[in-house]
Structure formats: structure tokens, C-alpha cells
Amino acid sequence: MTIMTKLMSAATGLALTATAAVADPAIIFDLGGKFDKSFNEAAFNGASRWAEETGGTFKEIELQSDAQREQALRRFAESGANPIVMAGFAFGSALSEVAPDYPDTKFAIIDMVVDQPNVRSVVFNEHEGSYLAGIMAANASETGTVSFIGGMDIPLIRRFACGYAQGAKAANADITVISNMTGTTGAAWNDPVKGSELTKAQISQGSDVVYAAAGGTGLGVLQTAADEGILSIGVDSNQNYLHPGKVLTSMLKRVDNAVYKAMLDGTDMETGFNVMDLSNRGVGVALDENNEALVTYAMLSETYAAADKIISGDIKVHDYMSDESCPALDF
């Protein structure tokens with residue numbers, strides 16, 4: 001039997017099914033919904049893969065507001081769900097409050113570090129994958145200008161932009177990189193109209209390749225890029241299929257693997273700090289039948305060579321979150 005949870009409204013709160021098995025895992029999706037074709041959907045795909053391979057069931061919920069984070073965590077913990085997986089950095093504060101109250105429950109949070117003995121914190125070196133995307137963008141650009149559109153203006157998203165700009169300038173020292181953020185609240189992750197407007201503004205400044213790291217907002221970016229005849233770069237999930245022949249690549253962030261591994265480990269999940277990077281294929285760029293005609297052998301060779309050098313340490317990709325600075329880009 002599939003065990004589901006449904007979020008009704010802030011007024012009615014969260015309702016969980018009463019038939020939950022004690023050790024069933026649970027996943028809480030961030031704002032934007034599990035079918036955002038990006039971050040949340042990658043998390044959902046990981047949970048679904050675990051269920052298909054093991055025959056297990058998991059509980060799930062899609063949040064509608066920030067205020068529901070702690071309530072969702074406590075309801076799942078009280079129901080016996082274990083482990084409980086959170087898709088997104090914004091769960092950090094709520095988890096810090098909840099985890100000590102349920103020491104026998106394991107929690108896994110993606111994109112945030114919570115220092116509690118029963119928490120696995122999974123972070124990604126997005127700047128490394130974004131560097132590779134920048135190399136590809138610079139090679140594909142015919143105007144000498146590429147661009148980036150982020151969702152919520154936070155250090156994590158600036159990390160994407162900074163790595164992208166560094167990679168683009170490594171491939172072409174004379175290239176111009178334009179950067180815009182969608183907003184400063186959670187609504188910035190689900191505003192495809194604003195994403196479209198920003199894309200058009202960047203096109204007017206000469207951009208012919210745009211990289212979106214903006215959740216559901218990015219769907220508006222990719223659509224407008226396709227409509228306006230420029231190339232786009234997807235993020236988190238492989239988004240090449242959304243506009244075949246018009247998405248140069250997607251910067252893969254293997255959130256699906258992080259969720260799958262947490263559920264597979266179950267109640268025996270080891271906690272602590274986990275990093276997913278190029279060396280363990282936690283990040284990378286997508287190549288498939290939808291973009292292979294856009295990617296030249298020379299572009300691919302340069303990209304793979306850079307990946308090898310990042311893994312070996314010969315190339316250092318600056319991490320914005322290490323010092324909140326970006327040598328390659330002004331915000």
C-alpha cells in the first residue's frame with residue numbers, strides 16, 4: 001500500500017495517514033513542488049527509485065509555506081517515519097530545533113549542515129559542475145556574452161554563478177558574463193514569468209547562452225531562451241529533454257542519489273557531513289541525444305580535461321561560500 005501525506009492548508013495543518021509503518025522513510029519537498037523538473041523532482045526521483053528497487057513505501061509532503069517546515073518534521077517523527085529526508089537548505093533552522101527532540105530518528109538534509117548526532121548533512125560542490133557549464137557556454141557563444149539567472153539571492157546560488165563565470169572566463173578570457181537573481185524570498189523559486197522577463201533583458205544585452213539555477217523559475221528561462229533562439233543550460237535534473245536541440249547541457253546535481261542513499265541506508269544511516277562533488281559524480285554536465293548535436297568534440301574535450309584537473313587539484317574553482325567573494329563576477 002502506498003503511504004502518502006497531503007498538505008491541506010496552513011489553517012488545517014498537516015494530515016498524515018494513520019497506517020504508517022514504523023520504519024517507513026519520509027521526504028519533505030521544498031517550495032515549488034515535487035514536479036518542478038529541477039531540484040525537488042530530482043529528490044522525488046531518488047525516492048521513487050528506492051521504492052521501485054526495494055518494494056518499500058515512503059511518505060511525502062509538498063510544503064506551501066515556510067511556516068510548515070517544523071510542523072511537518074514533528075508530525076513525521078511522531079508517526080515513526082525513519083529516516084526523514086529534507087530537500088533544501090531552508091529546513092536548517094527547523095531541523096536544528098526538531099532533531100534533538102527525536103534522538104532515535106535519523107534525518108537527512110540536503111544543501112545545509114546541521115550539527116546534530118542524528119543528522120546526515122549532504123552538500124554539493126555546485127561550483128565545480130557550474131565551472132564545466134561555463135566552459136561549454138563560452139565555447140558555444142557566438143556573441144561573446146553569456147548569462148546566469150539565479151532564484152533566491154543567497155550564497156548557495158551565488159556559488160553556482162561564480163563557478164559558471166570562472167569556467168566561462170577560463171575558456172574565453174574576453175567573454176562577458178551577466179548575472180541576475182530573481183528575488184530575495186522563497187517565491188523566487190517558482191516565478192517562471194519573472195524568469196522569462198530576466199531572460200529577455202539579458203538577451204537585449206547580448207547574451208546568447210543563459211544558465212538558470214532557479215528551480216521552477218528556470219522553466220520560464222529555458223522556454224524563453226528556446227522561443228528567442230538562444231541556448232540555455234538547465235540545472236539539478238537533466239533538463240535537456242525540455243527543449244531538444246536548444247538546451248546546451250544541464251548541470252547535474254545528483255540530489256536523486258543523495259535521497260536514494262539515505263532511504264537505502266534506512267535506520268542504519270550513518271550521520272555526519274557528506275560532500276558530493278566531481279570526484280564521486282555528485283555533480284557534472286549532461287550529454288544525451290537531446291543535446292549531442294550542440295556539443296562539439298573540441299568543447300567536450302576541453303570540458304572533460306577541466307573536470308580531470310579539478311579532481312586532481314590542478315584547477316581550483318573558487319567557492320563563493322568560503323569567503324562570500326567572487327573574483328570572476330560582480331554581484
# chains A, B, ... in the order shown; residues from 1 in each chain; ligands from 1
>>> select_by_dssp(residues="range 44-267 of chain A", states="strand (DSSP E)", output="MDAnalysis selection string")
chainID A and resid 59:62 84:87 107:110 119:124 145:152 176:183 209:213 231:236 247:253
>>> residues_around(residues="Glu97 in chain A", least_positions_apart="5", cutoff="10 Å", atoms="only C-alpha atoms", output="list in words")
Glu70, Leu73, Arg74 and Gly92 of chain A
>>> write_last_selection(atoms="C-alpha atoms", output="short mmCIF file (atom, residue, chain, number, x, y, z; two decimals), in the first residue's frame")
data_model
loop_
_atom_site.label_atom_id
_atom_site.label_comp_id
_atom_site.auth_asym_id
_atom_site.auth_seq_id
_atom_site.Cartn_x
_atom_site.Cartn_y
_atom_site.Cartn_z
CA GLU A 70 8.85 22.42 11.69
CA LEU A 73 9.14 17.40 10.65
CA ARG A 74 7.46 16.84 14.01
CA GLY A 92 18.11 24.02 8.55
#
>>> residues_around(residues="Asp265 in chain A", least_positions_apart="5", cutoff="9 Å", atoms="only C-alpha atoms", output="list in words")
Pro83, Tyr260 and Glu270 of chain A
>>> closest_atom_pairs(of="range 150-244 of chain A", to="range 273-288 of chain A", cutoff="10 Å", atoms="only C-alpha atoms", output="JSON lines")
{"residue": "A:Ile233", "atom": "CA", "partner": "A:Val285", "partner_atom": "CA", "distance": 9.6}
{"residue": "A:Gly234", "atom": "CA", "partner": "A:Ala286", "partner_atom": "CA", "distance": 9.2}
{"residue": "A:Val235", "atom": "CA", "partner": "A:Val285", "partner_atom": "CA", "distance": 9.0}
{"residue": "A:Asp236", "atom": "CA", "partner": "A:Val283", "partner_atom": "CA", "distance": 8.5}
{"residue": "A:Ser237", "atom": "CA", "partner": "A:Ala286", "partner_atom": "CA", "distance": 9.1}
{"residue": "A:Asn238", "atom": "CA", "partner": "A:Ala286", "partner_atom": "CA", "distance": 6.3}
{"residue": "A:Gln239", "atom": "CA", "partner": "A:Ala286", "partner_atom": "CA", "distance": 8.7}
{"residue": "A:Asn240", "atom": "CA", "partner": "A:Ala286", "partner_atom": "CA", "distance": 7.7}
{"residue": "A:Tyr241", "atom": "CA", "partner": "A:Asp288", "partner_atom": "CA", "distance": 8.9}
{"residue": "A:Pro244", "atom": "CA", "partner": "A:Asp288", "partner_atom": "CA", "distance": 9.9}
>>> write_last_selection(atoms="C-alpha atoms", output="mmCIF file, in the first residue's frame")
data_model
loop_
_atom_site.group_PDB
_atom_site.id
_atom_site.type_symbol
_atom_site.label_atom_id
_atom_site.label_comp_id
_atom_site.auth_asym_id
_atom_site.auth_seq_id
_atom_site.Cartn_x
_atom_site.Cartn_y
_atom_site.Cartn_z
ATOM 1 C CA ILE A 233 21.655 25.464 -19.592
ATOM 2 C CA GLY A 234 19.472 23.532 -17.166
ATOM 3 C CA VAL A 235 20.234 22.617 -13.577
ATOM 4 C CA ASP A 236 19.928 19.871 -10.946
ATOM 5 C CA SER A 237 17.952 17.367 -13.065
ATOM 6 C CA ASN A 238 18.773 16.666 -16.705
ATOM 7 C CA GLN A 239 16.564 19.266 -18.403
ATOM 8 C CA ASN A 240 17.907 18.708 -21.925
ATOM 9 C CA TYR A 241 14.678 16.984 -22.958
ATOM 10 C CA PRO A 244 15.654 19.258 -27.511
#
>>> residues_around(residues="Ile310 in chain A", least_positions_apart="2", cutoff="10 Å", atoms="only C-alpha atoms", output="list in words")
Glu128, Gly129, Tyr131, Leu132, Asp277, Leu278, Ser279, Tyr304, Ala305, Ala306, Ala307, Asp308, Ser312, Gly313, Asp314, Ile315, Lys316 and Val317 of chain A
>>> residues_around(residues="Ile203 in chain A", least_positions_apart="4", cutoff="9 Å", atoms="only C-alpha atoms", output="ChimeraX atom specification")
/A:147,198-199,207-210,225,228,230
>>> closest_atom_pairs(of="range 81-164 of chain A", to="range 56-66 of chain A", cutoff="9 Å", atoms="only C-alpha atoms", output="tab-separated table")
residue	atom	partner	partner_atom	distance
A:Ala81	CA	A:Lys59	CA	7.9
A:Ala90	CA	A:Asp66	CA	8.1
A:Phe91	CA	A:Asp66	CA	8.7
>>> closest_residue(among="A:Arg49, A:Thr217, A:His127, A:Leu95", to="Asp115 in chain A", atoms="only C-alpha atoms")
A:Leu95
>>> select_by_dssp(residues="range 163-231 of chain A", states="helix (DSSP H, G or I)", output="ChimeraX atom specification")
/A:163-171,186-189,192-204,217-228
>>> write_last_selection(atoms="N, CA and C atoms", output="short mmCIF file (atom, residue, chain, number, x, y, z; two decimals), in the first residue's frame")
data_model
loop_
_atom_site.label_atom_id
_atom_site.label_comp_id
_atom_site.auth_asym_id
_atom_site.auth_seq_id
_atom_site.Cartn_x
_atom_site.Cartn_y
_atom_site.Cartn_z
N GLY A 163 31.09 29.95 -10.00
CA GLY A 163 31.78 28.87 -10.70
C GLY A 163 31.57 28.95 -12.20
N TYR A 164 30.34 29.27 -12.59
CA TYR A 164 29.99 29.41 -14.01
C TYR A 164 30.84 30.49 -14.67
N ALA A 165 30.92 31.65 -14.04
CA ALA A 165 31.69 32.76 -14.60
C ALA A 165 33.17 32.40 -14.70
N GLN A 166 33.71 31.72 -13.68
CA GLN A 166 35.12 31.34 -13.71
C GLN A 166 35.39 30.38 -14.87
N GLY A 167 34.50 29.42 -15.07
CA GLY A 167 34.68 28.49 -16.17
C GLY A 167 34.59 29.16 -17.52
N ALA A 168 33.62 30.07 -17.67
CA ALA A 168 33.46 30.78 -18.94
C ALA A 168 34.71 31.60 -19.26
N LYS A 169 35.26 32.26 -18.25
CA LYS A 169 36.43 33.11 -18.48
C LYS A 169 37.70 32.29 -18.66
N ALA A 170 37.70 31.06 -18.14
CA ALA A 170 38.83 30.17 -18.40
C ALA A 170 38.86 29.75 -19.87
N ALA A 171 37.68 29.60 -20.44
CA ALA A 171 37.58 29.19 -21.84
C ALA A 171 37.76 30.37 -22.79
N GLY A 186 11.39 33.09 -0.78
CA GLY A 186 11.15 31.77 -1.34
C GLY A 186 10.36 31.78 -2.63
N ALA A 187 9.59 32.85 -2.87
CA ALA A 187 8.81 32.95 -4.10
C ALA A 187 9.69 32.98 -5.34
N ALA A 188 10.96 33.29 -5.17
CA ALA A 188 11.88 33.38 -6.30
C ALA A 188 12.13 32.03 -6.96
N TRP A 189 11.78 30.95 -6.26
CA TRP A 189 11.99 29.61 -6.84
C TRP A 189 10.86 29.18 -7.77
N PRO A 192 8.18 31.59 -13.07
CA PRO A 192 8.65 31.48 -14.44
C PRO A 192 8.43 32.73 -15.27
N VAL A 193 7.42 33.53 -14.92
CA VAL A 193 7.20 34.78 -15.65
C VAL A 193 8.37 35.74 -15.44
N LYS A 194 8.82 35.86 -14.20
CA LYS A 194 9.98 36.72 -13.92
C LYS A 194 11.22 36.14 -14.58
N GLY A 195 11.33 34.80 -14.60
CA GLY A 195 12.46 34.18 -15.27
C GLY A 195 12.49 34.53 -16.75
N SER A 196 11.32 34.55 -17.35
CA SER A 196 11.21 34.92 -18.77
C SER A 196 11.62 36.37 -18.99
N GLU A 197 11.16 37.25 -18.11
CA GLU A 197 11.48 38.68 -18.24
C GLU A 197 12.98 38.92 -18.12
N LEU A 198 13.62 38.26 -17.17
CA LEU A 198 15.06 38.41 -16.99
C LEU A 198 15.83 37.89 -18.19
N THR A 199 15.35 36.78 -18.75
CA THR A 199 16.00 36.22 -19.93
C THR A 199 15.96 37.20 -21.10
N LYS A 200 14.81 37.79 -21.33
CA LYS A 200 14.69 38.76 -22.42
C LYS A 200 15.59 39.97 -22.19
N ALA A 201 15.70 40.40 -20.94
CA ALA A 201 16.58 41.53 -20.63
C ALA A 201 18.04 41.17 -20.91
N GLN A 202 18.43 39.96 -20.58
CA GLN A 202 19.80 39.54 -20.83
C GLN A 202 20.08 39.36 -22.32
N ILE A 203 19.09 38.89 -23.05
CA ILE A 203 19.24 38.78 -24.49
C ILE A 203 19.47 40.16 -25.11
N SER A 204 18.75 41.16 -24.58
CA SER A 204 18.92 42.52 -25.09
C SER A 204 20.32 43.08 -24.82
N THR A 217 11.37 28.62 -11.50
CA THR A 217 11.57 29.84 -12.27
C THR A 217 12.38 29.55 -13.52
N GLY A 218 13.28 28.59 -13.42
CA GLY A 218 14.12 28.24 -14.55
C GLY A 218 13.36 27.72 -15.75
N LEU A 219 12.16 27.19 -15.51
CA LEU A 219 11.36 26.70 -16.64
C LEU A 219 11.00 27.86 -17.57
N GLY A 220 10.75 29.02 -16.99
CA GLY A 220 10.48 30.21 -17.80
C GLY A 220 11.70 30.67 -18.55
N VAL A 221 12.87 30.49 -17.93
CA VAL A 221 14.13 30.86 -18.58
C VAL A 221 14.37 29.97 -19.79
N LEU A 222 14.26 28.66 -19.59
CA LEU A 222 14.52 27.73 -20.70
C LEU A 222 13.52 27.90 -21.82
N GLN A 223 12.25 28.13 -21.48
CA GLN A 223 11.23 28.31 -22.51
C GLN A 223 11.50 29.56 -23.34
N THR A 224 11.80 30.66 -22.68
CA THR A 224 12.04 31.92 -23.39
C THR A 224 13.31 31.84 -24.23
N ALA A 225 14.33 31.20 -23.70
CA ALA A 225 15.56 31.04 -24.48
C ALA A 225 15.27 30.28 -25.77
N ALA A 226 14.48 29.22 -25.66
CA ALA A 226 14.13 28.44 -26.85
C ALA A 226 13.31 29.28 -27.82
N ASP A 227 12.36 30.05 -27.29
CA ASP A 227 11.50 30.87 -28.14
C ASP A 227 12.28 31.97 -28.85
N GLU A 228 13.30 32.49 -28.16
CA GLU A 228 14.06 33.62 -28.70
C GLU A 228 15.28 33.19 -29.50
#
>>> atom_distance(atom1="CA of Ile27 in chain A", atom2="CA of Ser79 in chain A")
13.1 Å
>>> closest_residue(among="A:Ser179, A:Lys261, A:Gly215, A:Lys253", to="Ser38 in chain A", atoms="only C-alpha atoms")
A:Gly215
>>> decode(residues="range 26-51 of chain A", atoms="N, CA, C and O atoms", output="CSV table (one decimal), in the first residue's frame")
chain,number,residue,atom,x,y,z
A,26,ALA,N,10.4,9.1,5.0
A,26,ALA,CA,9.6,10.2,4.6
A,26,ALA,C,10.5,11.2,3.9
A,26,ALA,O,11.7,11.3,4.2
A,27,ILE,N,9.9,12.0,3.0
A,27,ILE,CA,10.6,13.0,2.3
A,27,ILE,C,9.7,14.3,2.3
A,27,ILE,O,8.5,14.2,2.1
A,28,ILE,N,10.3,15.4,2.6
A,28,ILE,CA,9.6,16.7,2.6
A,28,ILE,C,10.2,17.5,1.5
A,28,ILE,O,11.4,17.8,1.5
A,29,PHE,N,9.4,17.9,0.5
A,29,PHE,CA,9.8,18.7,-0.6
A,29,PHE,C,9.8,20.2,-0.3
A,29,PHE,O,8.9,20.6,0.5
A,30,ASP,N,10.6,20.9,-0.9
A,30,ASP,CA,10.7,22.4,-0.6
A,30,ASP,C,9.6,23.1,-1.5
A,30,ASP,O,8.9,22.5,-2.3
A,31,LEU,N,9.5,24.4,-1.3
A,31,LEU,CA,8.6,25.2,-2.0
A,31,LEU,C,8.8,25.1,-3.5
A,31,LEU,O,10.0,25.0,-4.0
A,32,GLY,N,7.8,25.0,-4.3
A,32,GLY,CA,7.9,24.8,-5.8
A,32,GLY,C,7.4,23.5,-6.2
A,32,GLY,O,7.1,23.3,-7.4
A,33,GLY,N,7.2,22.6,-5.3
A,33,GLY,CA,6.6,21.3,-5.6
A,33,GLY,C,7.5,20.2,-6.2
A,33,GLY,O,8.6,20.5,-6.7
A,34,LYS,N,7.1,19.0,-6.0
A,34,LYS,CA,8.0,17.9,-6.4
A,34,LYS,C,8.1,17.7,-7.9
A,34,LYS,O,9.0,17.0,-8.3
A,35,PHE,N,7.3,18.3,-8.7
A,35,PHE,CA,7.4,18.2,-10.1
A,35,PHE,C,7.9,19.5,-10.7
A,35,PHE,O,7.4,20.0,-11.8
A,36,ASP,N,8.9,20.1,-10.1
A,36,ASP,CA,9.4,21.4,-10.6
A,36,ASP,C,10.4,21.1,-11.8
A,36,ASP,O,11.0,22.1,-12.3
A,37,LYS,N,10.6,19.9,-12.1
A,37,LYS,CA,11.5,19.5,-13.2
A,37,LYS,C,13.0,19.9,-12.9
A,37,LYS,O,13.8,20.0,-13.8
A,38,SER,N,13.3,20.1,-11.6
A,38,SER,CA,14.6,20.5,-11.2
A,38,SER,C,15.0,19.9,-9.9
A,38,SER,O,15.0,18.7,-9.8
A,39,PHE,N,15.2,20.7,-8.8
A,39,PHE,CA,15.7,20.2,-7.6
A,39,PHE,C,14.8,19.2,-6.9
A,39,PHE,O,15.1,18.1,-6.5
A,40,ASN,N,13.5,19.7,-6.7
A,40,ASN,CA,12.6,18.8,-6.0
A,40,ASN,C,12.3,17.5,-6.7
A,40,ASN,O,12.1,16.4,-6.1
A,41,GLU,N,12.2,17.7,-8.0
A,41,GLU,CA,11.9,16.5,-8.8
A,41,GLU,C,13.1,15.5,-8.8
A,41,GLU,O,12.8,14.3,-8.8
A,42,ALA,N,14.3,16.0,-8.7
A,42,ALA,CA,15.4,15.1,-8.6
A,42,ALA,C,15.3,14.3,-7.3
A,42,ALA,O,15.6,13.1,-7.2
A,43,ALA,N,14.9,15.0,-6.2
A,43,ALA,CA,14.7,14.3,-4.9
A,43,ALA,C,13.6,13.3,-5.0
A,43,ALA,O,13.8,12.2,-4.5
A,44,PHE,N,12.5,13.6,-5.6
A,44,PHE,CA,11.4,12.7,-5.8
A,44,PHE,C,11.9,11.5,-6.6
A,44,PHE,O,11.5,10.3,-6.3
A,45,ASN,N,12.7,11.7,-7.7
A,45,ASN,CA,13.2,10.6,-8.5
A,45,ASN,C,14.0,9.6,-7.7
A,45,ASN,O,14.0,8.4,-7.8
A,46,GLY,N,14.8,10.2,-6.7
A,46,GLY,CA,15.6,9.3,-5.9
A,46,GLY,C,14.8,8.5,-5.0
A,46,GLY,O,15.0,7.3,-4.8
A,47,ALA,N,13.7,9.1,-4.4
A,47,ALA,CA,12.8,8.3,-3.5
A,47,ALA,C,12.1,7.3,-4.3
A,47,ALA,O,11.9,6.1,-3.8
A,48,SER,N,11.6,7.6,-5.5
A,48,SER,CA,10.9,6.7,-6.3
A,48,SER,C,11.8,5.5,-6.7
A,48,SER,O,11.3,4.3,-6.8
A,49,ARG,N,13.0,5.8,-7.0
A,49,ARG,CA,13.9,4.7,-7.4
A,49,ARG,C,14.1,3.7,-6.2
A,49,ARG,O,14.1,2.5,-6.4
A,50,TRP,N,14.3,4.3,-5.0
A,50,TRP,CA,14.4,3.4,-3.9
A,50,TRP,C,13.1,2.5,-3.7
A,50,TRP,O,13.2,1.3,-3.5
A,51,ALA,N,11.9,3.1,-3.9
A,51,ALA,CA,10.7,2.4,-3.7
A,51,ALA,C,10.6,1.3,-4.8
A,51,ALA,O,10.2,0.1,-4.5
